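Read the structure below first, then the notes.
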Amino acid sequence: MMRIVVVGSVNMDLVTLAPRFVAPGETILGERFLTVPGGKGANQAVAARRLGAEVALVGALGDDPFGRQLRDGLVAEQIDLSQLSQLAGCASGTASITVAHGENQIIVVPGANAQLDPGHVEQAQTLIGRADAVLLQMEIPLETVEATLRLGQRLGVPVILNPAPAQELPGEWLRLARYITPNQHELAILLGADASDDYLQLMQRSPCPVVLTRGAEGAWYREQGEPIHQPGFAVEAVDSTGAGDTFNAALAVFLHEGLAEAVRKACAAAAFSVTRFGAQAGMPSQAQLRQWLAQRQQR
């Protein structure tokens, strides 16, 4: 069983279903409102666990009703929470999400996630040292992102950096990552490039290997030489929230099968996830993913 440590955010998602996205200054009537567990760190932890990995989460919650609900949900998923801090006098992170026609717009308020510092990562050193891979995102302080990358390098544990929400990062940091997993927009920001630059050329400029997500088109990946395309899987999208997190989790879980197979299964898991509503609700189990792929190979 693969051992995955996730260092990242835990949020309560405040989700509104709407007929379309609003324009500035406009008010429209929504169709439905829900509160569902989320946060890129928690989402990736849940997805990796359902895909069969042993998973631990390094993160921070507030001491509030959302925090208690979020912890209970992670306990139910059988995720190791020994390094998940609950901070007194602090609100849990939230994400306000509008979903329209299968696409989403998201505003994140970090809350307790902003208090996840390098000290929390150092406290998890033993846990990280035993891991097969670390999943890392950027809804936490940048100093904590750097500390995780450096610790992974020191311990010889590969770190997969999902650079979202994107910021330009020093090349020195990127060289510490085993893979970065941006979309086209995030890759341009990450490298300080123009958004109109060709993403295949940007992949070759990256100081570390890139797995580039392209939504319904699938993904491109490159370790050495020319980028290679993995086609996507045709599905009817209901909600794309959490698809990227599902992709990253699957990439980590199946990386031991080789990068090409890991990317193929990551694309399949992400495609499966968008057919259901909710970031975590659509994440497949290992058995579901295996069956889903088998059905498509038989056609």
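Labeling convention for the structure tokens: chains A, B, ... as they appear, residues from 1 per chain, ligands from 1 in order of appearance.
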Shell of 10 Å around Gln184 of chain A, only C-alpha atoms, local chain residues under 2 positions omitted, as an MDAnalysis selection string: chainID A and resid 181:182 186:190 195:200 202:203 212:214
Excluding Phe277 of chain A and any residue of its chain fewer than 6 positions from it, enumerate the residues within 12 Å of it, using only C-alpha atoms, and give them as a compact mmCIF listing (two decimals) with N, CA and C atoms, in the first residue's frame.
```txt
# COMPACT_ATOMS: atom_id res chain seq x y z
N VAL A 15 -21.25 26.20 -1.28
CA VAL A 15 -21.49 26.00 -2.71
C VAL A 15 -22.87 26.50 -3.12
N THR A 16 -22.88 27.33 -4.16
CA THR A 16 -24.13 27.80 -4.75
C THR A 16 -24.23 27.31 -6.19
N LEU A 17 -25.33 26.62 -6.49
CA LEU A 17 -25.61 26.23 -7.87
C LEU A 17 -26.41 27.35 -8.52
N ARG A 32 -29.58 26.30 -5.71
CA ARG A 32 -29.38 25.43 -4.55
C ARG A 32 -28.14 25.87 -3.80
N LEU A 34 -25.31 24.52 -0.66
CA LEU A 34 -24.87 23.42 0.18
C LEU A 34 -23.56 23.78 0.89
N VAL A 36 -20.21 21.70 1.96
CA VAL A 36 -19.57 20.40 1.77
C VAL A 36 -18.09 20.51 2.12
N VAL A 99 -21.22 27.27 -8.94
CA VAL A 99 -21.17 26.26 -9.99
C VAL A 99 -22.26 26.57 -11.02
N ALA A 100 -21.85 26.66 -12.28
CA ALA A 100 -22.79 26.91 -13.38
C ALA A 100 -22.34 26.13 -14.61
N HIS A 101 -23.23 25.31 -15.15
CA HIS A 101 -22.94 24.53 -16.36
C HIS A 101 -21.68 23.68 -16.23
N GLY A 102 -21.45 23.11 -15.03
CA GLY A 102 -20.33 22.21 -14.83
C GLY A 102 -19.00 22.90 -14.58
N GLU A 103 -18.95 24.23 -14.67
CA GLU A 103 -17.73 24.99 -14.37
C GLU A 103 -17.89 25.67 -13.02
N ASN A 104 -16.78 26.21 -12.47
CA ASN A 104 -16.88 26.84 -11.16
C ASN A 104 -16.04 28.09 -11.05
N GLU A 236 -19.94 13.53 -19.46
CA GLU A 236 -20.83 14.69 -19.32
C GLU A 236 -20.57 15.31 -17.95
N ALA A 237 -19.96 16.49 -17.93
CA ALA A 237 -19.56 17.12 -16.67
C ALA A 237 -20.76 17.68 -15.93
N VAL A 238 -20.80 17.39 -14.62
CA VAL A 238 -21.82 17.93 -13.73
C VAL A 238 -21.21 19.01 -12.84
N ASP A 239 -20.00 18.75 -12.32
CA ASP A 239 -19.34 19.69 -11.40
C ASP A 239 -17.85 19.42 -11.45
N SER A 240 -17.06 20.39 -11.90
CA SER A 240 -15.61 20.20 -12.03
C SER A 240 -14.85 20.47 -10.73
N THR A 241 -15.55 20.91 -9.67
CA THR A 241 -14.89 21.17 -8.40
C THR A 241 -14.22 19.90 -7.88
N GLY A 242 -12.94 19.98 -7.57
CA GLY A 242 -12.22 18.84 -7.02
C GLY A 242 -11.59 17.93 -8.06
N ALA A 243 -11.82 18.20 -9.34
CA ALA A 243 -11.25 17.34 -10.39
C ALA A 243 -9.72 17.39 -10.36
N MET A 283 -15.26 11.60 -5.92
CA MET A 283 -13.95 10.94 -5.97
C MET A 283 -14.12 9.42 -5.93
```
Point-to-point distance from atom CA of Arg50 of chain A to atom CA of Glu77 of chain A, Å rounded to tenths: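 Taking atom CA of Arg50 of chain A as the start and atom CA of Glu77 of chain A as the end point, the length is 7.9 Å.
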Would you please give, as a PyMOL selection string, all residues of segment 52-295 of chain A that DSSP assigns to helix (DSSP H, G or I) based on the backbone? chain A and resi 65-76+111-115+118-123+125-129+142-155+171-174+184-190+199-205+215-217+243-253+255-257+259-273+286-295
Atom-to-atom span, atom CA of Gly218 of chain A and atom CA of Gln230 of chain A, Å: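 One can read the atom CA of Gly218 of chain A to atom CA of Gln230 of chain A distance as 5.7 Å.
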Compile the contact shell of Pro170 of chain A as a list in words: residues with an atom at most 12 Å away, counting only C-alpha atoms, same-chain residues fewer than 6 positions apart removed.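 My list of contacting residues is Leu142, Val145, Glu146, Leu176, Ala177, Ile189, Leu190, Leu191, Gly192, Ser206, Pro207 and Cys208 of chain A.
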Could those residues be written to a file, using C-alpha atoms, as a PDB file, in the first residue's frame?
```pdb
ATOM      1  CA  LEU A 142       4.577  30.125   0.957  1.00  0.00           C
ATOM      2  CA  VAL A 145       5.481  25.345   0.879  1.00  0.00           C
ATOM      3  CA  GLU A 146       9.230  25.989   0.792  1.00  0.00           C
ATOM      4  CA  LEU A 176      13.149  20.633  -5.283  1.00  0.00           C
ATOM      5  CA  ALA A 177       9.858  19.232  -6.591  1.00  0.00           C
ATOM      6  CA  ILE A 189       2.275  32.436 -13.627  1.00  0.00           C
ATOM      7  CA  LEU A 190       4.605  29.987 -11.898  1.00  0.00           C
ATOM      8  CA  LEU A 191       7.405  30.674 -14.383  1.00  0.00           C
ATOM      9  CA  GLY A 192       6.759  34.419 -14.645  1.00  0.00           C
ATOM     10  CA  SER A 206      10.470  24.449 -16.371  1.00  0.00           C
ATOM     11  CA  PRO A 207      13.384  23.609 -14.040  1.00  0.00           C
ATOM     12  CA  CYS A 208      11.605  20.415 -12.954  1.00  0.00           C
TER      13      CYS A 208
END
```
Find the residue from A:Leu116, A:Leu14, A:Val108, A:Leu87 that sits nearest to Gly278 of chain A; use only C-alpha atoms when measuring.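 Among the listed residues, A:Leu14 lies closest to Gly278 of chain A.
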Distance of atom CA of Asp13 of chain A from atom CA of Glu139 of chain A, expressed in Å to one decimal place: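 Computed distance, atom CA of Glu139 of chain A to atom CA of Asp13 of chain A, equals 13.7 Å.
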Using only C-alpha atoms, determine which residues lie at most 8 Å from Asn162 of chain A, disregarding the query and same-chain residues fewer than 3 positions distant; provide the list as an NGL selection string. :A and (135-138 or 180-182 or 248)
Would you mind exporting the chosen residues as a PDB file, in the first residue's frame, restricted to C-alpha atoms?
```pdb
ATOM      1  CA  LEU A 135       1.309  16.014  -2.026  1.00  0.00           C
ATOM      2  CA  LEU A 136       1.606  19.788  -1.615  1.00  0.00           C
ATOM      3  CA  GLN A 137      -0.538  22.744  -2.737  1.00  0.00           C
ATOM      4  CA  MET A 138      -0.483  26.532  -2.281  1.00  0.00           C
ATOM      5  CA  ILE A 180       4.719  20.185 -10.644  1.00  0.00           C
ATOM      6  CA  THR A 181       1.112  19.751 -11.786  1.00  0.00           C
ATOM      7  CA  PRO A 182      -0.225  23.088 -13.076  1.00  0.00           C
ATOM      8  CA  ASN A 248      -3.133  14.906  -8.217  1.00  0.00           C
TER       9      ASN A 248
END
```
Just list the residues in segment 138-294 of chain A DSSP gives strand (DSSP E or B) on the backbone, as a ChimeraX atom specification. /A:159-161,179-180,183,210-213,218-222,228-231
8 Å contact set for Pro284 of chain A, only C-alpha atoms, chain neighbours under 3 positions out, as a PyMOL selection string: chain A and resi 47+50-51+269+272-273+287-289
A:Ala266, A:Val121, A:Ile97, A:Ala193: which is nearest Leu169 of chain A, counting only C-alpha atoms?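 Among the listed residues, the smallest separation from Leu169 of chain A belongs to A:Ala193.
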Contact residues around Gly89 of chain A with only C-alpha atoms at 9 Å, ignoring same-chain residues under 4 positions, as a ChimeraX atom specification: /A:62-64
Residue subset to file, keeping N, CA and C atoms, as a short mmCIF file (atom, residue, chain, number, x, y, z; two decimals), in the first residue's frame:
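Wrote selection.cif, looks like this:
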```
data_model
loop_
_atom_site.label_atom_id
_atom_site.label_comp_id
_atom_site.auth_asym_id
_atom_site.auth_seq_id
_atom_site.Cartn_x
_atom_site.Cartn_y
_atom_site.Cartn_z
N GLY A 62 -9.83 25.46 12.41
CA GLY A 62 -10.23 26.35 13.48
C GLY A 62 -11.01 25.60 14.55
N ASP A 63 -11.10 26.21 15.70
CA ASP A 63 -11.89 25.63 16.80
C ASP A 63 -13.31 26.19 16.69
N ASP A 64 -14.04 25.76 15.68
CA ASP A 64 -15.38 26.27 15.40
C ASP A 64 -16.22 25.13 14.85
#
```
Applying 9 Å and only C-alpha atoms, which residues near Ala56 of chain A remain after dropping the ones on its own chain fewer than 2 positions away? List them as a ChimeraX atom specification. /A:3-7,45,54,58,79-84,127-128
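Considering only C-alpha atoms, the residue among A:Gly232, A:Arg68, A:Ala60, A:Arg150 positioned nearest to Asp117 of chain A is A:Ala60.
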